[in-house]
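**Student:** What follows is a single structure, and I will ask about it in a moment.
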Amino acid sequence: MKFIRLSHRNPTRCDSIAEAISRPGFGSQFTDHMVVIEYDANNGGWHSAIVGPRQPLLIDPAAGVLHYAQEIFEGLKAYRHSDGGIALFRPLENARRFNASARRLAMPEIPEKLFLKSLQELVEVDKNWVPEATNGTLYLRPFMIATEAFLGVRPATKYKFVVIASPSGNYFRSGESTINIWVSDYTRAAPGGTGEAKCGGNYAASLVPTGEAFSHGYDQVMFLDAVERKWIEELGGMNLFFVFADGRILTPPLGGTILAGITRDSLISLLRDMGHEVIEDRYSIANLKRDVRSNALVEVIACGTAATVTSVGRVKSSKYNIVIGSESAGPVAKAARDKLIAIQTGEASDSFGWVMRIGNAS
Ligand code: PLP
Ligand code: COI
């Protein structure tokens with residue numbers, strides 16, 4: 001599909017681009033452009049791809065997304081390499097997960113090639129918004145919403161696929177080397193639900209527990225399984241790894257209730273490559289307490305696109321307070337993070353074939 005390019009270069013913004021990408025924060029500043037592609041089930045499917053000025057979307061007040069929450073999204077980053085080129089990290093995995101989410105939410109799949117082209121088009125037109133690697137990345141947020149106007153409960157026939165971009169630095173406001181986790185009594189996802197889909201509804205449901213975490217001064221919320229309320233699942237926006245003193249590393253399995261993180265999948269490969277035995281298995285909060293007490297557990301690692309790879313210092317609920325090691329960044333987390341970032345930024349060789357270059361060296 002050919003994209004119509006409506007370039008939008010506001011000369012007065014040149015300074016603000018430099019300013020914005022020098023202190024990017026997370027998710028509060030946006031680039032000049034966006035991609036919009038329309039879908040109509042009764043009129044040929046995907047059509048009218050535009051990369052144009054970033055502006056408000058005009059949707060009918062009866063649009064399906066506003067009533068029955070037919071919405072899915074993805075998150076990935078564009079990295080500036082030292083030769084001036086730009087690269088995406090495993091974008092095909094985002095395309096695949098997006099389509100898996102679409103199937104669960106009864107939404108149309110988008111051809112993987114079109115998904116990738118939309119990212120490429122946006123990054124090319126907004127390439128000046130990609131910070132130098134030392135200063136951050138350009139976070140890309142593809143999403144899809146149901147736009148057909150109707151009130152019956154059924155899948156819509158019309159959708160918009162949109163990609164916006166935001167220069168991004170540290171996800172956690174504290175900027176500390178470890179994060180602290182609040183264990184919620186709320187659950188995130190039950191078997192058979194939408195837990196493994198990246199749909200807005202999952203995040204709406206996580207806002208109260210996340211608010212609880214923040215009000216206690218904690219950075220992220222941890223969810224336990226919804227059936228037995230004892231198995232550790234994931235955080236509000238990150239997956240987890242547990243590092244044992246004997247070198248073994250455990251991560252909760254993908255059973256349909258947690259997001260299949262692309263960082264999680266990458267870390268499994270990297271950690272195995274570093275010589276660790278990595279096991280995908282259930283791990284209970286009771287065993288976490290026991291293993292911390294006996295010093296069998298030495299590190300807890302949280303990972304995700306927005307938050308990268310971060311050590312967990314403390315795990316707390318209304319009933320207990322578990323301190324992990326000396327509450328400082330652990331060596332395994334640090335080594336894995338350095339390796340991952342070196343591949344993403346082109347500083348290390350891409351032996352796994354994860355990096356997709358899109359910008360030419362300049
Ligand atoms: N789990 C949840 C609930 C998330 O929102 C995210 C972030 O996207 C992750 C895990 C990590 O996934 P990824 O590594 O693909 O960003
Ligand atoms: C991401 O890491 O890309 C996410 O979508 C998580 C979100 C909490 C920002």
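By convention here, the chains of the structure tokens are called A, B, ... in the order presented, each chain's residues are numbered starting at 1, and ligands are numbered starting at 1 in the order presented.
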Using only C-alpha atoms and all ligand atoms, find each residue with an atom at most 8 Å away from ligand 1 and format the answer as a PyMOL selection string.
**Tutor:** chain A and resi 74-76+94+198+202-203+234-239+258-265+303-308
**Student:** DSSP on the backbone: which residues in segment 47-118 of chain A end up as helix (DSSP H, G or I)? Give the answer as a VMD selection string.
**Tutor:** chain A and resid 64 to 68 91 to 104 112 to 118
**Student:** Using only C-alpha atoms and all ligand atoms, find the one residue out of A:Ala62, A:Val130, A:Leu138, A:Val183 that sits nearest to ligand 2.
**Tutor:**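 Closest to ligand 2 of all the choices is A:Leu138.
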**Student:** What lies within 12 Å of Thr147 of chain A using only C-alpha atoms, ignoring chain neighbours under 3 positions off, as a PDB file with N, CA and C atoms, in the first residue's frame?
**Tutor:**
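Result written to result_17.pdb:
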ATOM      1  N   ILE A  37      -4.206   4.638   9.150  1.00  0.00           N
ATOM      2  CA  ILE A  37      -4.678   3.755   8.072  1.00  0.00           C
ATOM      3  C   ILE A  37      -6.099   3.324   8.434  1.00  0.00           C
ATOM      4  N   GLU A  38      -6.982   3.399   7.461  1.00  0.00           N
ATOM      5  CA  GLU A  38      -8.403   3.077   7.701  1.00  0.00           C
ATOM      6  C   GLU A  38      -8.686   1.624   7.325  1.00  0.00           C
ATOM      7  N   TYR A  39      -9.697   1.070   8.000  1.00  0.00           N
ATOM      8  CA  TYR A  39     -10.156  -0.287   7.662  1.00  0.00           C
ATOM      9  C   TYR A  39     -11.675  -0.284   7.554  1.00  0.00           C
ATOM     10  N   ASP A  40     -12.173  -0.899   6.489  1.00  0.00           N
ATOM     11  CA  ASP A  40     -13.623  -1.063   6.346  1.00  0.00           C
ATOM     12  C   ASP A  40     -13.881  -2.486   5.853  1.00  0.00           C
ATOM     13  N   ALA A  41     -14.508  -3.296   6.697  1.00  0.00           N
ATOM     14  CA  ALA A  41     -14.734  -4.711   6.350  1.00  0.00           C
ATOM     15  C   ALA A  41     -15.583  -4.834   5.084  1.00  0.00           C
ATOM     16  N   LEU A  57      -7.943  13.036  16.572  1.00  0.00           N
ATOM     17  CA  LEU A  57      -8.719  12.142  15.715  1.00  0.00           C
ATOM     18  C   LEU A  57     -10.175  12.553  15.811  1.00  0.00           C
ATOM     19  N   LEU A  58     -10.854  12.555  14.684  1.00  0.00           N
ATOM     20  CA  LEU A  58     -12.285  12.861  14.693  1.00  0.00           C
ATOM     21  C   LEU A  58     -13.032  11.531  14.693  1.00  0.00           C
ATOM     22  N   ILE A  59     -13.725  11.215  15.785  1.00  0.00           N
ATOM     23  CA  ILE A  59     -14.507   9.962  15.770  1.00  0.00           C
ATOM     24  C   ILE A  59     -15.927  10.227  16.261  1.00  0.00           C
ATOM     25  N   ASP A  60     -16.844   9.411  15.777  1.00  0.00           N
ATOM     26  CA  ASP A  60     -18.250   9.553  16.133  1.00  0.00           C
ATOM     27  C   ASP A  60     -18.442   9.203  17.617  1.00  0.00           C
ATOM     28  N   PRO A  61     -19.348   9.913  18.330  1.00  0.00           N
ATOM     29  CA  PRO A  61     -19.572   9.566  19.744  1.00  0.00           C
ATOM     30  C   PRO A  61     -20.114   8.152  19.954  1.00  0.00           C
ATOM     31  N   ALA A  62     -20.623   7.533  18.888  1.00  0.00           N
ATOM     32  CA  ALA A  62     -21.090   6.136  19.029  1.00  0.00           C
ATOM     33  C   ALA A  62     -20.025   5.132  18.574  1.00  0.00           C
ATOM     34  N   ALA A  63     -18.796   5.589  18.334  1.00  0.00           N
ATOM     35  CA  ALA A  63     -17.733   4.670  17.872  1.00  0.00           C
ATOM     36  C   ALA A  63     -17.551   3.527  18.875  1.00  0.00           C
ATOM     37  N   GLY A  64     -17.375   2.315  18.332  1.00  0.00           N
ATOM     38  CA  GLY A  64     -17.273   1.117  19.167  1.00  0.00           C
ATOM     39  C   GLY A  64     -16.250   1.229  20.290  1.00  0.00           C
ATOM     40  N   VAL A  65     -15.119   1.872  20.016  1.00  0.00           N
ATOM     41  CA  VAL A  65     -14.062   1.957  21.029  1.00  0.00           C
ATOM     42  C   VAL A  65     -14.541   2.696  22.272  1.00  0.00           C
ATOM     43  N   LEU A  66     -15.464   3.638  22.113  1.00  0.00           N
ATOM     44  CA  LEU A  66     -15.879   4.463  23.254  1.00  0.00           C
ATOM     45  C   LEU A  66     -16.850   3.731  24.173  1.00  0.00           C
ATOM     46  N   HIS A  67     -17.449   2.650  23.680  1.00  0.00           N
ATOM     47  CA  HIS A  67     -18.476   1.959  24.476  1.00  0.00           C
ATOM     48  C   HIS A  67     -18.044   0.568  24.901  1.00  0.00           C
ATOM     49  N   TYR A  68     -17.422  -0.165  23.979  1.00  0.00           N
ATOM     50  CA  TYR A  68     -17.100  -1.554  24.289  1.00  0.00           C
ATOM     51  C   TYR A  68     -15.585  -1.813  24.259  1.00  0.00           C
ATOM     52  N   ALA A  69     -14.802  -0.724  24.237  1.00  0.00           N
ATOM     53  CA  ALA A  69     -13.349  -0.805  24.453  1.00  0.00           C
ATOM     54  C   ALA A  69     -12.623  -1.709  23.470  1.00  0.00           C
ATOM     55  N   GLN A  70     -13.058  -1.693  22.211  1.00  0.00           N
ATOM     56  CA  GLN A  70     -12.272  -2.422  21.196  1.00  0.00           C
ATOM     57  C   GLN A  70     -11.065  -1.567  20.874  1.00  0.00           C
ATOM     58  N   GLU A  71      -9.991  -1.812  21.604  1.00  0.00           N
ATOM     59  CA  GLU A  71      -8.747  -1.060  21.422  1.00  0.00           C
ATOM     60  C   GLU A  71      -7.573  -1.955  21.760  1.00  0.00           C
ATOM     61  N   MET A 107     -10.933  -8.005  16.315  1.00  0.00           N
ATOM     62  CA  MET A 107     -10.580  -6.885  15.436  1.00  0.00           C
ATOM     63  C   MET A 107      -9.831  -7.443  14.226  1.00  0.00           C
ATOM     64  N   MET A 144      -4.920   0.465  17.558  1.00  0.00           N
ATOM     65  CA  MET A 144      -6.085   0.326  16.677  1.00  0.00           C
ATOM     66  C   MET A 144      -7.355   0.538  17.497  1.00  0.00           C
ATOM     67  N   PHE A 150     -22.278   2.642  16.179  1.00  0.00           N
ATOM     68  CA  PHE A 150     -23.420   1.737  16.410  1.00  0.00           C
ATOM     69  C   PHE A 150     -23.440   1.405  17.896  1.00  0.00           C
ATOM     70  N   LEU A 151     -24.566   0.912  18.394  1.00  0.00           N
ATOM     71  CA  LEU A 151     -24.609   0.609  19.831  1.00  0.00           C
ATOM     72  C   LEU A 151     -24.858  -0.867  20.145  1.00  0.00           C
ATOM     73  N   PRO A 155     -18.607  -7.002  17.015  1.00  0.00           N
ATOM     74  CA  PRO A 155     -17.385  -6.382  16.496  1.00  0.00           C
ATOM     75  C   PRO A 155     -17.730  -5.306  15.477  1.00  0.00           C
ATOM     76  N   ALA A 156     -17.007  -4.185  15.518  1.00  0.00           N
ATOM     77  CA  ALA A 156     -17.229  -3.114  14.547  1.00  0.00           C
ATOM     78  C   ALA A 156     -16.783  -3.569  13.156  1.00  0.00           C
ATOM     79  N   THR A 157     -17.245  -2.843  12.149  1.00  0.00           N
ATOM     80  CA  THR A 157     -16.790  -3.136  10.782  1.00  0.00           C
ATOM     81  C   THR A 157     -15.753  -2.099  10.319  1.00  0.00           C
ATOM     82  N   LYS A 158     -15.591  -1.019  11.097  1.00  0.00           N
ATOM     83  CA  LYS A 158     -14.627   0.023  10.687  1.00  0.00           C
ATOM     84  C   LYS A 158     -13.634   0.295  11.814  1.00  0.00           C
ATOM     85  N   TYR A 159     -12.378   0.484  11.431  1.00  0.00           N
ATOM     86  CA  TYR A 159     -11.300   0.700  12.410  1.00  0.00           C
ATOM     87  C   TYR A 159     -10.313   1.731  11.884  1.00  0.00           C
ATOM     88  N   LYS A 160      -9.573   2.320  12.817  1.00  0.00           N
ATOM     89  CA  LYS A 160      -8.422   3.143  12.459  1.00  0.00           C
ATOM     90  C   LYS A 160      -7.203   2.514  13.116  1.00  0.00           C
ATOM     91  N   PHE A 161      -6.139   2.356  12.327  1.00  0.00           N
ATOM     92  CA  PHE A 161      -4.834   1.973  12.850  1.00  0.00           C
ATOM     93  C   PHE A 161      -4.005   3.254  12.859  1.00  0.00           C
TER      94      PHE A 161
END
**Student:** Looking at A:Tyr171, A:Phe98, A:Tyr79, A:Phe3, which one is nearest to ligand 2, with distances taken over only C-alpha atoms and all ligand atoms?
**Tutor:**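 Looking only at the distances to ligand 2, the closest residue turns out to be A:Tyr171.
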**Student:** Where does segment 91-182 of chain A meet segment 335-353 of chain A within 10 Å, residue by residue, with the nearest atom pair and distance in Å to one decimal for each, counting only C-alpha atoms, listed by chain and rising number, as a Markdown table?
**Tutor:**
| residue | atom | partner | partner_atom | distance |
| --- | --- | --- | --- | --- |
| A:Glu132 | CA | A:Thr345 | CA | 9.6 |
| A:Ala133 | CA | A:Thr345 | CA | 6.6 |
| A:Thr134 | CA | A:Thr345 | CA | 9.5 |
| A:Thr137 | CA | A:Thr345 | CA | 9.5 |
**Student:** Using only C-alpha atoms and all ligand atoms, find the one residue out of A:Gly200, A:Gly84, A:Gly44, A:Gly325 that sits nearest to ligand 2.
**Tutor:** A:Gly200
**Student:** Looking only at strand (DSSP E) from DSSP on the backbone, list the matching residues of segment 38-234 of chain A as a PyMOL selection string.
**Tutor:** chain A and resi 38-40+45-53+71-73+76-80+86-89+137-146+158-168+178-183+220-224+232-234
**Student:** Near Val208 of chain A, within 12 Å and counting only C-alpha atoms, which residues show up once chain neighbours fewer than 6 positions away are dropped, as an MDAnalysis selection string?
**Tutor:** chainID A and resid 184:188 202 214:215 220:221 236
**Student:** Given the selection you just returned, output its residues as a file containing N, CA and C atoms, formatted as an mmCIF file, in the first residue's frame.
**Tutor:**
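Result file part.cif:
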data_model
loop_
_atom_site.group_PDB
_atom_site.id
_atom_site.type_symbol
_atom_site.label_atom_id
_atom_site.label_comp_id
_atom_site.auth_asym_id
_atom_site.auth_seq_id
_atom_site.Cartn_x
_atom_site.Cartn_y
_atom_site.Cartn_z
ATOM 1 N N SER A 184 -0.410 -6.349 44.812
ATOM 2 C CA SER A 184 -1.810 -5.942 44.905
ATOM 3 C C SER A 184 -2.718 -7.093 45.323
ATOM 4 N N ASP A 185 -3.811 -6.748 46.013
ATOM 5 C CA ASP A 185 -4.858 -7.739 46.276
ATOM 6 C C ASP A 185 -5.795 -7.849 45.067
ATOM 7 N N TYR A 186 -5.752 -6.850 44.196
ATOM 8 C CA TYR A 186 -6.526 -6.940 42.950
ATOM 9 C C TYR A 186 -5.830 -7.932 42.030
ATOM 10 N N THR A 187 -6.603 -8.533 41.121
ATOM 11 C CA THR A 187 -5.957 -9.384 40.110
ATOM 12 C C THR A 187 -6.079 -8.701 38.756
ATOM 13 N N ARG A 188 -5.203 -9.105 37.829
ATOM 14 C CA ARG A 188 -5.168 -8.461 36.516
ATOM 15 C C ARG A 188 -5.910 -9.264 35.460
ATOM 16 N N ASN A 202 -7.064 -3.884 29.843
ATOM 17 C CA ASN A 202 -6.199 -4.459 30.885
ATOM 18 C C ASN A 202 -5.535 -3.363 31.701
ATOM 19 N N PHE A 214 1.564 3.619 43.963
ATOM 20 C CA PHE A 214 2.117 4.986 44.006
ATOM 21 C C PHE A 214 1.845 5.624 45.367
ATOM 22 N N SER A 215 0.628 5.413 45.884
ATOM 23 C CA SER A 215 0.294 6.094 47.145
ATOM 24 C C SER A 215 1.143 5.561 48.308
ATOM 25 N N GLN A 220 5.821 0.165 40.893
ATOM 26 C CA GLN A 220 5.023 -0.693 40.022
ATOM 27 C C GLN A 220 4.198 -1.617 40.890
ATOM 28 N N VAL A 221 3.138 -2.143 40.283
ATOM 29 C CA VAL A 221 2.305 -3.088 41.009
ATOM 30 C C VAL A 221 2.622 -4.501 40.519
ATOM 31 N N GLY A 236 2.568 -4.301 36.419
ATOM 32 C CA GLY A 236 1.605 -3.544 35.614
ATOM 33 C C GLY A 236 2.055 -3.362 34.173
#
**Student:** Find the residue from A:Leu6, A:Leu140, A:Met1, A:Val323 that sits nearest to ligand 2; use only C-alpha atoms and all ligand atoms when measuring.
**Tutor:**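 Closest candidate: A:Leu140.
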**Student:** Just the number, please: distance in Å from atom CA of Ser294 of chain A to atom CA of Gly255 of chain A, one decimal.
**Tutor:**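 Distance between the two atoms: 28.8 Å.
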**Student:** For Gln55 of chain A, work out the shell of residues within 9 Å, counting only C-alpha atoms and skipping chain neighbours fewer than 6 positions away, then give it as a list of chain:residue names.
**Tutor:**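 My reading of the contact set: A:Asp32, A:His33, A:Met34.
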**Student:** In Å, rounded to a single decimal, give me how far atom CA of Thr251 of chain A is from atom CA of Leu271 of chain A.
**Tutor:**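 Atom CA of Leu271 of chain A sits 11.5 Å away from atom CA of Thr251 of chain A.
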